[in-house]
$ cat structure_31.cif   # mmCIF, C-alpha atoms
data_input
#
loop_
_atom_site.label_atom_id
_atom_site.label_comp_id
_atom_site.auth_asym_id
_atom_site.auth_seq_id
_atom_site.Cartn_x
_atom_site.Cartn_y
_atom_site.Cartn_z
CA MET H 1 114.86 -6.97 -113.26
CA ILE H 2 111.15 -7.65 -112.56
CA ARG H 3 109.02 -6.46 -115.48
CA VAL H 4 105.63 -5.23 -114.25
CA VAL H 5 102.40 -4.27 -116.04
CA LEU H 6 99.91 -2.00 -114.24
CA VAL H 7 96.23 -2.56 -115.07
CA ASP H 8 93.66 -0.23 -113.51
CA ASP H 9 91.04 2.07 -114.97
CA GLN H 10 91.89 4.82 -112.48
CA GLU H 11 94.84 6.94 -113.56
CA LEU H 12 95.45 8.12 -110.00
CA VAL H 13 95.76 4.55 -108.76
CA ARG H 14 98.24 3.71 -111.50
CA ALA H 15 100.16 6.90 -110.75
CA GLY H 16 100.46 5.92 -107.09
CA PHE H 17 101.77 2.48 -107.92
CA ARG H 18 104.06 3.98 -110.55
CA MET H 19 105.69 6.23 -107.96
CA VAL H 20 106.32 3.34 -105.58
CA LEU H 21 107.56 0.87 -108.18
CA GLY H 22 109.56 3.38 -110.18
CA ALA H 23 111.84 4.04 -107.23
CA GLN H 24 112.94 0.40 -107.02
CA PRO H 25 116.18 -0.63 -108.73
CA ASP H 26 114.93 -4.17 -109.40
CA ILE H 27 111.49 -3.31 -110.81
CA GLU H 28 110.61 -1.88 -114.23
CA ILE H 29 107.11 -0.86 -115.37
CA VAL H 30 106.93 -2.03 -118.97
CA ALA H 31 103.28 -1.18 -119.73
CA GLU H 32 100.06 0.23 -118.33
CA ALA H 33 96.47 -0.48 -119.30
CA ALA H 34 93.12 1.01 -118.33
CA ASP H 35 91.09 -2.20 -118.79
CA GLY H 36 91.51 -5.92 -119.17
CA ALA H 37 91.19 -5.95 -122.94
CA ALA H 38 94.02 -3.44 -123.30
CA ALA H 39 96.14 -5.52 -120.92
CA VAL H 40 95.60 -8.68 -122.95
CA THR H 41 96.54 -6.81 -126.13
CA ALA H 42 99.64 -5.27 -124.56
CA LEU H 43 100.87 -8.63 -123.33
CA ARG H 44 100.77 -10.00 -126.86
CA GLU H 45 103.43 -7.46 -127.79
CA ILE H 46 105.64 -7.37 -124.69
CA SER H 47 106.93 -9.81 -122.11
CA ALA H 48 106.32 -9.25 -118.40
CA ASP H 49 106.89 -11.04 -115.12
CA VAL H 50 104.07 -9.71 -112.94
CA VAL H 51 100.73 -8.05 -113.73
CA LEU H 52 99.00 -5.91 -111.11
CA MET H 53 95.38 -6.40 -112.13
CA ASP H 54 92.31 -4.48 -110.98
CA VAL H 55 89.11 -6.51 -110.94
CA ARG H 56 86.34 -4.16 -112.01
CA MET H 57 87.08 -2.26 -115.21
CA PRO H 58 85.24 -1.28 -118.40
CA ARG H 59 85.21 -3.49 -121.51
CA MET H 60 86.84 -6.49 -119.80
CA ASP H 61 87.15 -7.10 -116.08
CA GLY H 62 90.23 -8.43 -114.34
CA VAL H 63 88.84 -11.93 -113.91
CA GLU H 64 88.37 -12.52 -117.64
CA ALA H 65 91.66 -10.80 -118.45
CA THR H 66 93.42 -13.07 -115.96
CA ARG H 67 91.94 -16.16 -117.62
CA LEU H 68 93.06 -15.03 -121.07
CA ILE H 69 96.53 -13.96 -119.99
CA LEU H 70 97.25 -17.16 -118.05
CA ALA H 71 95.97 -19.39 -120.85
CA LYS H 72 99.10 -18.65 -122.86
CA PRO H 73 102.48 -20.34 -122.38
CA ASP H 74 105.11 -18.46 -120.40
CA ALA H 75 102.42 -16.21 -118.97
CA PRO H 76 103.31 -13.65 -116.29
CA LYS H 77 102.11 -13.97 -112.72
CA VAL H 78 98.95 -12.02 -111.89
CA LEU H 79 98.34 -10.17 -108.63
CA ILE H 80 94.76 -9.02 -108.14
CA LEU H 81 93.99 -5.57 -106.72
CA THR H 82 90.76 -5.49 -104.74
CA THR H 83 88.72 -3.30 -102.41
CA PHE H 84 86.52 -4.25 -99.48
CA ASP H 85 83.28 -3.98 -101.46
CA LEU H 86 84.55 -6.17 -104.34
CA ASP H 87 86.37 -8.89 -102.45
CA GLU H 88 84.41 -11.73 -104.05
CA TYR H 89 86.02 -10.83 -107.38
CA ALA H 90 89.43 -11.63 -105.94
CA PHE H 91 88.33 -15.20 -105.31
CA ALA H 92 87.02 -15.56 -108.86
CA ALA H 93 90.35 -14.29 -110.17
CA ILE H 94 92.29 -16.78 -108.04
CA ARG H 95 90.13 -19.56 -109.44
CA ALA H 96 91.15 -18.20 -112.85
CA GLY H 97 94.80 -18.64 -111.92
CA ALA H 98 95.93 -15.45 -110.19
CA SER H 99 98.80 -15.89 -107.73
CA GLY H 100 97.23 -13.81 -104.99
CA PHE H 101 95.41 -10.65 -104.07
CA LEU H 102 96.21 -7.31 -102.52
CA LEU H 103 94.07 -4.57 -101.13
CA LYS H 104 94.31 -1.38 -103.16
CA ASP H 105 95.44 0.53 -100.10
CA VAL H 106 98.28 -1.92 -99.45
CA PRO H 107 101.30 -0.29 -97.77
CA PRO H 108 104.19 0.26 -100.21
CA ASP H 109 106.48 -2.22 -98.47
CA ASP H 110 103.82 -4.94 -98.65
CA LEU H 111 103.21 -4.21 -102.34
CA LEU H 112 106.91 -4.52 -103.14
CA SER H 113 107.24 -7.68 -101.07
CA ALA H 114 104.24 -9.20 -102.86
CA ILE H 115 105.63 -8.47 -106.32
CA ARG H 116 109.00 -9.94 -105.42
CA SER H 117 107.44 -13.02 -103.80
CA VAL H 118 105.26 -13.75 -106.80
CA HIS H 119 108.17 -13.23 -109.16
CA ALA H 120 110.13 -15.76 -107.11
CA GLY H 121 107.38 -18.33 -107.61
CA ASP H 122 105.42 -17.98 -104.40
CA ALA H 123 101.79 -16.96 -103.99
CA VAL H 124 100.76 -13.91 -102.02
CA VAL H 125 98.46 -14.68 -99.15
CA ALA H 126 99.63 -12.15 -96.63
CA PRO H 127 98.25 -12.93 -93.15
CA SER H 128 96.65 -9.55 -92.48
CA THR H 129 95.17 -9.31 -95.97
CA THR H 130 93.92 -12.88 -95.93
CA ARG H 131 92.12 -12.55 -92.63
CA ARG H 132 90.53 -9.21 -93.52
CA LEU H 133 89.42 -10.40 -96.94
CA LEU H 134 88.12 -13.81 -95.89
CA ASP H 135 86.19 -12.30 -93.02
CA LEU H 136 84.09 -10.51 -95.63
CA VAL H 137 84.26 -12.84 -98.59
CA VAL H 138 83.37 -16.19 -97.07
CA ALA H 139 79.70 -15.12 -97.03
CA TYR H 140 79.80 -14.64 -100.81
CA LEU H 141 81.15 -18.07 -101.73
CA PRO H 142 78.58 -19.79 -103.96
CA ASN H 143 77.29 -23.15 -102.76
CA GLU H 144 77.28 -24.60 -106.26
CA ALA H 145 81.02 -24.02 -106.84
CA ARG H 146 82.40 -26.65 -104.52
CA PRO H 147 85.83 -28.21 -105.07
CA THR H 148 85.95 -31.53 -106.88
CA ARG H 149 88.74 -33.02 -104.75
CA ASP H 150 87.69 -34.49 -101.41
CA PRO H 151 89.72 -33.13 -98.46
CA ARG H 152 89.72 -36.65 -97.01
CA VAL H 153 92.59 -37.48 -99.39
CA LEU H 154 94.80 -35.48 -97.02
CA THR H 155 96.54 -36.96 -94.01
CA ALA H 156 95.77 -35.50 -90.60
CA ARG H 157 99.03 -33.54 -90.65
CA GLU H 158 98.42 -32.24 -94.17
CA ARG H 159 94.96 -31.07 -93.18
CA GLU H 160 96.47 -29.33 -90.16
CA VAL H 161 98.99 -27.53 -92.37
CA LEU H 162 96.25 -26.53 -94.82
CA LEU H 163 94.16 -25.02 -92.03
CA HIS H 164 97.13 -22.93 -90.90
CA VAL H 165 97.79 -21.80 -94.47
CA ALA H 166 94.15 -20.79 -94.85
CA ARG H 167 94.36 -18.72 -91.68
CA GLY H 168 97.18 -16.72 -93.21
CA LEU H 169 100.23 -18.17 -91.48
CA SER H 170 103.57 -18.26 -93.28
CA ASN H 171 105.63 -21.44 -93.53
CA VAL H 172 107.88 -20.20 -90.75
CA GLU H 173 104.89 -19.50 -88.49
CA ILE H 174 103.34 -22.89 -89.29
CA ALA H 175 106.63 -24.60 -88.48
CA GLY H 176 106.68 -22.88 -85.11
CA GLN H 177 103.06 -23.74 -84.35
CA LEU H 178 103.45 -27.42 -85.27
CA HIS H 179 107.03 -27.84 -84.04
CA LEU H 180 108.25 -28.83 -87.48
CA ALA H 181 111.17 -27.79 -89.67
CA GLU H 182 110.26 -25.18 -92.29
CA ALA H 183 111.39 -27.61 -95.01
CA THR H 184 108.92 -30.17 -93.66
CA VAL H 185 106.09 -27.64 -93.90
CA LYS H 186 107.06 -26.94 -97.52
CA THR H 187 106.99 -30.66 -98.24
CA HIS H 188 103.54 -31.03 -96.70
CA LEU H 189 102.27 -28.03 -98.68
CA GLY H 190 103.61 -29.50 -101.92
CA ARG H 191 101.77 -32.75 -101.24
CA ILE H 192 98.57 -30.86 -100.39
CA LEU H 193 98.69 -28.97 -103.68
CA ALA H 194 99.36 -32.16 -105.63
CA LYS H 195 96.61 -34.19 -103.96
CA LEU H 196 93.99 -31.45 -104.29
CA GLU H 197 95.11 -30.46 -107.80
CA LEU H 198 95.69 -26.87 -106.72
CA ARG H 199 98.05 -24.44 -108.40
CA ASP H 200 99.51 -22.62 -105.43
CA ARG H 201 99.09 -21.33 -101.90
CA ALA H 202 96.46 -18.80 -102.91
CA GLN H 203 94.20 -21.48 -104.34
CA ALA H 204 94.77 -23.56 -101.21
CA VAL H 205 93.28 -20.76 -99.12
CA VAL H 206 90.19 -20.57 -101.32
CA TYR H 207 89.86 -24.36 -101.30
CA ALA H 208 89.87 -24.49 -97.50
CA TYR H 209 86.88 -22.18 -97.35
CA GLU H 210 84.98 -23.57 -100.32
CA SER H 211 85.36 -27.15 -99.10
CA GLY H 212 84.05 -26.28 -95.66
CA LEU H 213 87.28 -27.09 -93.83
CA ILE H 214 87.01 -23.61 -92.34
CA THR H 215 83.55 -22.32 -91.63
CA SER H 216 84.07 -20.01 -88.69
CA ARG H 217 84.96 -16.36 -88.86
CA PRO H 218 88.74 -15.92 -89.36
CA LYS H 219 90.54 -14.69 -86.29
CA GLY H 220 92.96 -11.80 -86.05
#
$ encode --input "structure_31.cif" --output "structure tokens"
Amino acid sequence: MIRVVLVDDQELVRAGFRMVLGAQPDIEIVAEAADGAAAVTALREISADVVLMDVRMPRMDGVEATRLILAKPDAPKVLILTTFDLDEYAFAAIRAGASGFLLKDVPPDDLLSAIRSVHAGDAVVAPSTTRRLLDLVVAYLPNEARPTRDPRVLTAREREVLLHVARGLSNVEIAGQLHLAEATVKTHLGRILAKLELRDRAQAVVYAYESGLITSRPKG
């Protein structure tokens, strides 16, 4: 059973997610919170696997709440909920350790898939979401917050894989594009994360844009 916490200051948003998640036999909503501070408090008392976290809320926003939640051992995964006009917050939350981001109007099937993927240890960088978000957010990336690891530590193949990841392709799609086995793509991605000192696929996407590896407008 996947234990989920809903964090959003809008009751209607939480109600919508509650309806979708409550119908799933493998998902249980164990708590709800209307702001980040309440979420942090709740997670001191209960255990959870995945937190759906809004970014802009009263008292404590989702970025700070994510930092505090993930600073503790055995912390749950955090999925950020964002809207088009607040996309830059999603990137700040991923820097804080979130496993990915979703648009608030995400289709139910995509929401469920994201929760299950994160619970399984993956990061959610869905192709359609990634391209739509990055198209808007890349303009907001601050020049002073550049990555400390030089992309030149990557081999040519690793850089190629990273570029495909940043454009929103799945491992299967990357394998097809590069004529590699899926297991080989996973191996390359693991080496990329280790060399660049990144936590997961979501941070790899942000790194590719912040480091300047991708500067053009995302396609698709």
$ residues_around --input "structure_31.cif" --residues "H:Arg44" --least-positions-apart "3" --cutoff "10 Å" --atoms "all atoms listed in the file" --output "PyMOL selection string"
chain H and resi 39-41+47+69+72
$ resolve_selection --input "structure_31.cif" --expression "the PyMOL selection byres ((chain H and resi 162) around 9)" --output "PDB file with C-alpha atoms, in the coordinates of the input"
ATOM      1  CA  ARG H 157      99.030 -33.540 -90.650  1.00  0.00           C
ATOM      2  CA  GLU H 158      98.420 -32.240 -94.170  1.00  0.00           C
ATOM      3  CA  ARG H 159      94.960 -31.070 -93.180  1.00  0.00           C
ATOM      4  CA  GLU H 160      96.470 -29.330 -90.160  1.00  0.00           C
ATOM      5  CA  VAL H 161      98.990 -27.530 -92.370  1.00  0.00           C
ATOM      6  CA  LEU H 163      94.160 -25.020 -92.030  1.00  0.00           C
ATOM      7  CA  HIS H 164      97.130 -22.930 -90.900  1.00  0.00           C
ATOM      8  CA  VAL H 165      97.790 -21.800 -94.470  1.00  0.00           C
ATOM      9  CA  ALA H 166      94.150 -20.790 -94.850  1.00  0.00           C
ATOM     10  CA  ARG H 167      94.360 -18.720 -91.680  1.00  0.00           C
ATOM     11  CA  HIS H 188     103.540 -31.030 -96.700  1.00  0.00           C
ATOM     12  CA  LEU H 189     102.270 -28.030 -98.680  1.00  0.00           C
ATOM     13  CA  ILE H 192      98.570 -30.860-100.390  1.00  0.00           C
ATOM     14  CA  ALA H 204      94.770 -23.560-101.210  1.00  0.00           C
ATOM     15  CA  VAL H 205      93.280 -20.760 -99.120  1.00  0.00           C
ATOM     16  CA  ALA H 208      89.870 -24.490 -97.500  1.00  0.00           C
TER      17      ALA H 208
END
$ closest_residue --input "structure_31.cif" --among "H:Asp150, H:Glu210, H:Asp105, H:Glu32" --to "H:Ala48" --atoms "all atoms listed in the file"
H:Glu32
$ closest_residue --input "structure_31.cif" --among "H:Ala96, H:Val55, H:Leu112, H:Leu198" --to "H:Asp35" --atoms "all atoms listed in the file"
H:Val55
$ atom_distance --input "structure_31.cif" --atom1 "atom CA of H:His179" --atom2 "atom CA of H:Lys195"
23.4 Å
$ resolve_selection --input "structure_31.cif" --expression "the PyMOL selection byres ((chain H and resi 171) around 10)" --output "ChimeraX atom specification"
/H:161,164-165,168-170,172-177,180-186,189
$ atom_distance --input "structure_31.cif" --atom1 "atom CA of H:Leu52" --atom2 "atom CA of H:Val206"
19.7 Å
$ resolve_selection --input "structure_31.cif" --expression "the PyMOL selection byres ((chain H and resi 21) around 12)" --output "MDAnalysis selection string"
chainID H and resid 1:6 14:20 22:30 52 108:116
